[in-house]
>>> print(open('model-v3.tsv').read())   # TSV, C-alpha atoms
chain	number	residue	atom	x	y	z
G	220	SER	CA	91.01	139.05	-100.94
G	221	GLY	CA	93.68	138.92	-98.30
G	222	LEU	CA	96.39	136.43	-97.62
G	223	GLN	CA	96.35	133.83	-94.86
G	224	GLY	CA	100.05	133.40	-94.19
G	225	ASN	CA	99.72	130.27	-92.09
G	226	GLN	CA	98.57	128.37	-95.19
G	227	TYR	CA	101.89	128.77	-97.03
G	228	LEU	CA	105.10	126.79	-96.83
G	229	LEU	CA	107.89	129.35	-96.49
G	230	LYS	CA	111.21	129.55	-98.29
G	231	GLU	CA	114.22	128.86	-96.09
G	232	LYS	CA	117.11	128.75	-98.57
G	233	PHE	CA	117.84	129.32	-102.22
G	234	ASN	CA	118.76	126.73	-104.83
G	235	LYS	CA	122.27	126.72	-106.31
G	236	GLN	CA	120.73	126.68	-109.76
G	237	LEU	CA	118.13	129.47	-109.58
G	238	LYS	CA	114.62	128.22	-110.25
G	239	ILE	CA	112.74	130.96	-112.07
G	240	LEU	CA	108.95	130.83	-112.30
G	241	LEU	CA	106.19	132.56	-114.17
G	242	ALA	CA	102.79	131.49	-112.85
G	243	GLY	CA	99.44	132.61	-114.20
G	244	ARG	CA	96.75	132.04	-116.75
G	245	LEU	CA	98.26	131.37	-120.16
G	246	LEU	CA	97.17	134.58	-121.86
G	247	GLU	CA	98.95	136.67	-124.50
G	248	ASP	CA	98.99	139.78	-122.30
G	249	LYS	CA	100.58	137.89	-119.37
G	250	GLY	CA	103.87	137.83	-121.29
G	251	ILE	CA	104.09	134.05	-121.67
G	252	LYS	CA	105.77	134.17	-125.08
G	253	LYS	CA	108.18	136.86	-123.85
G	254	TYR	CA	109.05	134.61	-120.92
G	255	VAL	CA	109.82	131.69	-123.25
G	256	ASN	CA	112.02	134.02	-125.32
G	257	LEU	CA	113.77	135.21	-122.16
G	258	ALA	CA	114.49	131.62	-121.12
G	259	SER	CA	115.90	130.87	-124.56
G	260	GLN	CA	118.14	133.96	-124.45
G	261	MET	CA	119.43	133.15	-120.96
G	262	ASN	CA	120.41	129.60	-121.77
G	263	SER	CA	122.70	128.93	-118.80
G	264	ASP	CA	123.41	126.23	-116.25
G	265	ASN	CA	122.86	128.89	-113.54
G	266	PHE	CA	119.11	129.12	-114.22
G	267	LYS	CA	116.16	126.81	-114.78
G	268	PHE	CA	112.92	128.32	-116.07
G	269	TYR	CA	109.46	127.02	-115.16
G	270	LEU	CA	105.99	127.97	-116.36
G	271	ALA	CA	102.88	127.21	-114.31
G	272	GLY	CA	99.33	127.82	-115.42
G	273	GLU	CA	96.63	126.60	-117.71
G	274	LEU	CA	94.91	127.72	-120.88
G	275	ASP	CA	91.85	129.92	-120.43
G	276	GLU	CA	90.01	128.74	-123.52
G	277	GLY	CA	86.98	130.97	-122.93
G	278	ASN	CA	89.21	134.03	-123.04
G	279	PRO	CA	89.96	135.49	-126.50
G	280	LYS	CA	93.50	136.35	-125.31
G	281	SER	CA	94.23	132.74	-124.32
G	282	LEU	CA	97.20	131.03	-125.87
G	283	THR	CA	96.18	128.26	-128.24
G	284	GLN	CA	96.66	124.55	-127.74
G	285	ARG	CA	99.36	124.79	-130.44
G	286	ASP	CA	101.14	127.53	-128.47
G	287	LEU	CA	101.06	125.29	-125.40
G	288	GLU	CA	102.50	122.36	-127.35
G	289	ASP	CA	105.33	124.61	-128.58
G	290	ILE	CA	106.06	125.59	-124.96
G	291	LYS	CA	106.03	121.95	-123.86
G	292	ASN	CA	108.55	121.16	-126.60
G	293	ASN	CA	110.83	124.09	-125.69
G	294	LYS	CA	114.01	122.81	-124.06
G	295	PHE	CA	114.55	126.04	-122.09
G	296	VAL	CA	111.24	126.08	-120.17
G	297	GLU	CA	109.68	123.31	-118.13
G	298	TYR	CA	105.90	123.48	-118.29
G	299	LEU	CA	104.32	122.53	-114.95
G	300	GLY	CA	100.60	123.01	-115.57
G	301	TYR	CA	98.73	123.59	-112.32
G	302	LEU	CA	100.86	124.49	-109.29
G	303	ASP	CA	99.62	124.41	-105.69
G	304	LEU	CA	101.13	127.76	-104.72
G	305	LYS	CA	100.57	127.35	-100.99
G	306	LYS	CA	102.64	124.18	-100.91
G	307	GLU	CA	105.00	124.48	-103.87
G	308	LEU	CA	105.85	128.17	-104.39
G	309	GLN	CA	108.69	128.02	-101.85
G	310	GLU	CA	110.57	125.55	-104.09
G	311	TYR	CA	111.35	128.39	-106.54
G	312	ASP	CA	113.73	131.32	-106.15
G	313	VAL	CA	112.55	134.08	-108.48
G	314	LEU	CA	109.06	134.96	-109.66
G	315	ILE	CA	108.77	136.86	-112.92
G	316	SER	CA	105.71	138.87	-113.99
G	317	LEU	CA	105.73	140.11	-117.57
G	318	SER	CA	102.08	141.22	-117.68
G	319	ASP	CA	101.37	144.28	-119.78
G	320	HIS	CA	98.67	145.27	-117.29
G	321	GLU	CA	97.52	143.78	-114.03
G	322	GLY	CA	95.00	144.25	-111.28
G	323	PHE	CA	96.48	143.90	-107.80
G	324	SER	CA	98.84	140.96	-108.40
G	325	ARG	CA	98.05	138.24	-105.89
G	326	ILE	CA	100.82	135.96	-107.19
G	327	LEU	CA	103.39	138.68	-106.48
G	328	LEU	CA	101.99	139.17	-102.98
G	329	GLU	CA	102.19	135.42	-102.35
G	330	ALA	CA	105.72	135.17	-103.76
G	331	VAL	CA	106.99	138.08	-101.66
G	332	TYR	CA	105.41	136.54	-98.56
G	333	VAL	CA	106.88	133.09	-99.21
G	334	GLY	CA	110.34	134.59	-99.74
G	335	LEU	CA	111.00	134.65	-103.47
G	336	TYR	CA	112.78	137.43	-105.30
G	337	CYS	CA	110.27	139.15	-107.58
G	338	ILE	CA	110.93	140.89	-110.87
G	339	ALA	CA	107.96	142.48	-112.64
G	340	TYR	CA	107.06	144.87	-115.40
G	341	LYS	CA	105.92	148.06	-113.70
G	342	ASN	CA	102.19	148.67	-113.94
G	343	SER	CA	99.39	149.66	-111.59
G	344	GLY	CA	99.04	146.10	-110.26
G	345	THR	CA	102.72	145.50	-109.56
G	346	GLU	CA	103.95	148.82	-108.16
G	347	PHE	CA	103.13	147.78	-104.57
G	348	ILE	CA	106.10	145.37	-104.51
G	349	GLU	CA	108.50	148.32	-104.66
G	350	ASN	CA	107.91	148.70	-100.91
G	351	PHE	CA	109.42	145.28	-100.18
G	352	GLN	CA	112.94	143.88	-100.06
G	353	ASN	CA	114.13	141.51	-102.81
G	354	THR	CA	111.80	143.01	-105.41
G	355	ILE	CA	112.21	145.12	-108.51
G	356	THR	CA	109.88	146.60	-111.09
G	357	VAL	CA	111.16	147.40	-114.56
G	358	ASP	CA	109.70	150.34	-116.48
G	359	SER	CA	110.68	149.17	-119.91
G	360	LYS	CA	109.28	146.19	-121.74
G	361	ASP	CA	112.86	145.35	-122.71
G	362	LEU	CA	113.66	141.71	-121.92
G	363	GLU	CA	117.33	142.64	-121.65
G	364	LEU	CA	116.56	144.57	-118.45
G	365	ILE	CA	114.77	141.53	-117.02
G	366	ASN	CA	117.78	139.42	-118.04
G	367	ASP	CA	120.07	141.85	-116.19
G	368	GLU	CA	117.92	141.73	-113.04
G	369	ILE	CA	117.93	137.92	-113.00
G	370	THR	CA	121.71	137.97	-113.35
G	371	ASN	CA	121.89	140.46	-110.46
G	372	VAL	CA	119.92	138.06	-108.26
G	373	LEU	CA	122.36	135.29	-109.14
G	374	ASN	CA	125.33	137.46	-108.19
G	375	THR	CA	124.01	138.83	-104.88
G	376	GLU	CA	123.95	137.36	-101.42
G	377	LYS	CA	120.48	135.84	-101.21
G	378	SER	CA	118.44	135.95	-98.04
G	379	VAL	CA	114.76	135.57	-97.27
G	380	SER	CA	113.21	138.80	-95.99
G	381	LEU	CA	111.33	138.15	-92.76
G	382	ASN	CA	110.46	141.85	-92.74
G	383	ASN	CA	108.40	141.35	-95.91
G	384	ARG	CA	106.30	138.72	-94.17
G	385	GLU	CA	105.57	140.98	-91.21
G	386	ILE	CA	104.48	143.84	-93.47
G	387	ILE	CA	102.22	141.59	-95.53
G	388	ILE	CA	100.50	140.15	-92.47
G	389	LYS	CA	99.93	143.67	-91.09
G	390	LYS	CA	98.72	145.13	-94.36
G	391	TYR	CA	97.33	142.32	-96.51
G	392	SER	CA	96.06	139.57	-94.18
G	393	THR	CA	92.51	138.35	-94.79
G	394	LYS	CA	91.51	139.69	-91.38
G	395	ASN	CA	92.90	143.18	-92.02
G	396	ILE	CA	91.36	143.36	-95.49
G	397	ALA	CA	87.97	142.37	-94.04
G	398	ASN	CA	88.33	145.02	-91.32
G	399	SER	CA	89.11	147.64	-93.97
G	400	PHE	CA	85.98	146.72	-95.92
G	401	ASN	CA	83.92	146.92	-92.73
G	402	GLU	CA	85.24	150.44	-92.10
G	403	ILE	CA	84.27	151.46	-95.63
G	404	TYR	CA	80.77	150.06	-95.21
G	405	LYS	CA	80.37	151.93	-91.91
G	406	LEU	CA	81.22	155.20	-93.68
G	407	ASP	CA	78.59	154.55	-96.33
G	408	ILE	CA	75.72	154.29	-93.83
>>> encode(input="model-v3.tsv", output="structure tokens")
Amino acid sequence: SGLQGNQYLLKEKFNKQLKILLAGRLLEDKGIKKYVNLASQMNSDNFKFYLAGELDEGNPKSLTQRDLEDIKNNKFVEYLGYLDLKKELQEYDVLISLSDHEGFSRILLEAVYVGLYCIAYKNSGTEFIENFQNTITVDSKDLELINDEITNVLNTEKSVSLNNREIIIKKYSTKNIANSFNEIYKLDI
């Protein structure tokens, strides 16, 4: 599915204390526990870590209720539960994706469009962000590299990329995706 840009509140400026977000279903292979470890390692007044998402109890890879309680009790991560991305994503500064594997990552597309910096493990579903400003993919599953990239964001001049938004509308808008599917269907006839 494409993205309808006019439905999103857009980021205009960055917070002094970087607000770092991981948003997704609370599954083992989404890197939730790694994210909590990262937040604990980076204990600093320069960062605040947030986790948005819900358990997927029908999924065998879902975190358990006990895991969720441990996260809620962790002083380094604030658990948000459900987040209305169209209205609230712009309140954060950095989106992290620690998924081991991913289809085309819609949350990364949304975050790039809204204006967040994005740091993701490199896989087939995240490689597309390499074409945008303020994004990085990391080959290794080493949390130290993610830590370094977050620190780099803190130490760089931060600006929202308007160019990213233009590219996304041209390439990933709902209208353009629908047109692409129509072209494929025409070829099949």
>>> residues_around(input="model-v3.tsv", residues="Leu302 in chain G", least_positions_apart="5", cutoff="10 Å", atoms="all atoms listed in the file", output="PyMOL selection string")
chain G and resi 242-243+270-273+307-308
>>> write_last_selection(input="model-v3.tsv", atoms="C-alpha atoms", output="PDB file, keeping the file's coordinate frame")
ATOM      1  CA  ALA G 242     102.790 131.490-112.850  1.00  0.00           C
ATOM      2  CA  GLY G 243      99.440 132.610-114.200  1.00  0.00           C
ATOM      3  CA  LEU G 270     105.990 127.970-116.360  1.00  0.00           C
ATOM      4  CA  ALA G 271     102.880 127.210-114.310  1.00  0.00           C
ATOM      5  CA  GLY G 272      99.330 127.820-115.420  1.00  0.00           C
ATOM      6  CA  GLU G 273      96.630 126.600-117.710  1.00  0.00           C
ATOM      7  CA  GLU G 307     105.000 124.480-103.870  1.00  0.00           C
ATOM      8  CA  LEU G 308     105.850 128.170-104.390  1.00  0.00           C
TER       9      LEU G 308
END
>>> atom_distance(input="model-v3.tsv", atom1="CA of Leu373 in chain G", atom2="CA of Leu241 in chain G")
17.2 Å
>>> atom_distance(input="model-v3.tsv", atom1="CA of Asn371 in chain G", atom2="CA of Lys341 in chain G")
18.0 Å
>>> atom_distance(input="model-v3.tsv", atom1="CA of Tyr254 in chain G", atom2="CA of Asp312 in chain G")
15.8 Å
>>> closest_residue(input="model-v3.tsv", among="G:Asn225, G:Thr283, G:Gln236, G:Asn366", to="Asp264 in chain G", atoms="all atoms listed in the file")
G:Gln236
>>> axis_aligned_box(input="model-v3.tsv", around="range 321-331 of chain G", padding_each_side="5 Å", output="lines of an AutoDock Vina configuration file")
center_x = 101.0
center_y = 139.7
center_z = -107.8
size_x = 22.0
size_y = 19.1
size_z = 22.4
>>> closest_residue(input="model-v3.tsv", among="G:Tyr391, G:Lys238, G:Asp303, G:Glu297", to="Arg325 in chain G", atoms="all atoms listed in the file")
G:Tyr391
>>> residues_near_point(input="model-v3.tsv", point="(112.5, 137.9, -89.7)", cutoff="12 Å", atoms="only C-alpha atoms", output="list in words")
Leu229, Glu231, Tyr332, Gly334, Gln352, Ser378, Val379, Ser380, Leu381, Asn382, Asn383, Arg384, Glu385 and Ile386 of chain G
>>> closest_residue(input="model-v3.tsv", among="G:Tyr340, G:Tyr269, G:Tyr227, G:Phe347", to="Gly300 in chain G", atoms="all atoms listed in the file")
G:Tyr269
>>> closest_residue(input="model-v3.tsv", among="G:Ala330, G:Leu317, G:Ala258, G:Leu245", to="Leu228 in chain G", atoms="all atoms listed in the file")
G:Ala330
>>> residues_around(input="model-v3.tsv", residues="Leu237 in chain G", least_positions_apart="5", cutoff="8 Å", atoms="only C-alpha atoms", output="PyMOL selection string")
chain G and resi 265-267+311-313+373
>>> closest_residue(input="model-v3.tsv", among="G:Leu335, G:Ile326, G:Ile290, G:Ile348", to="Phe233 in chain G", atoms="all atoms listed in the file")
G:Leu335
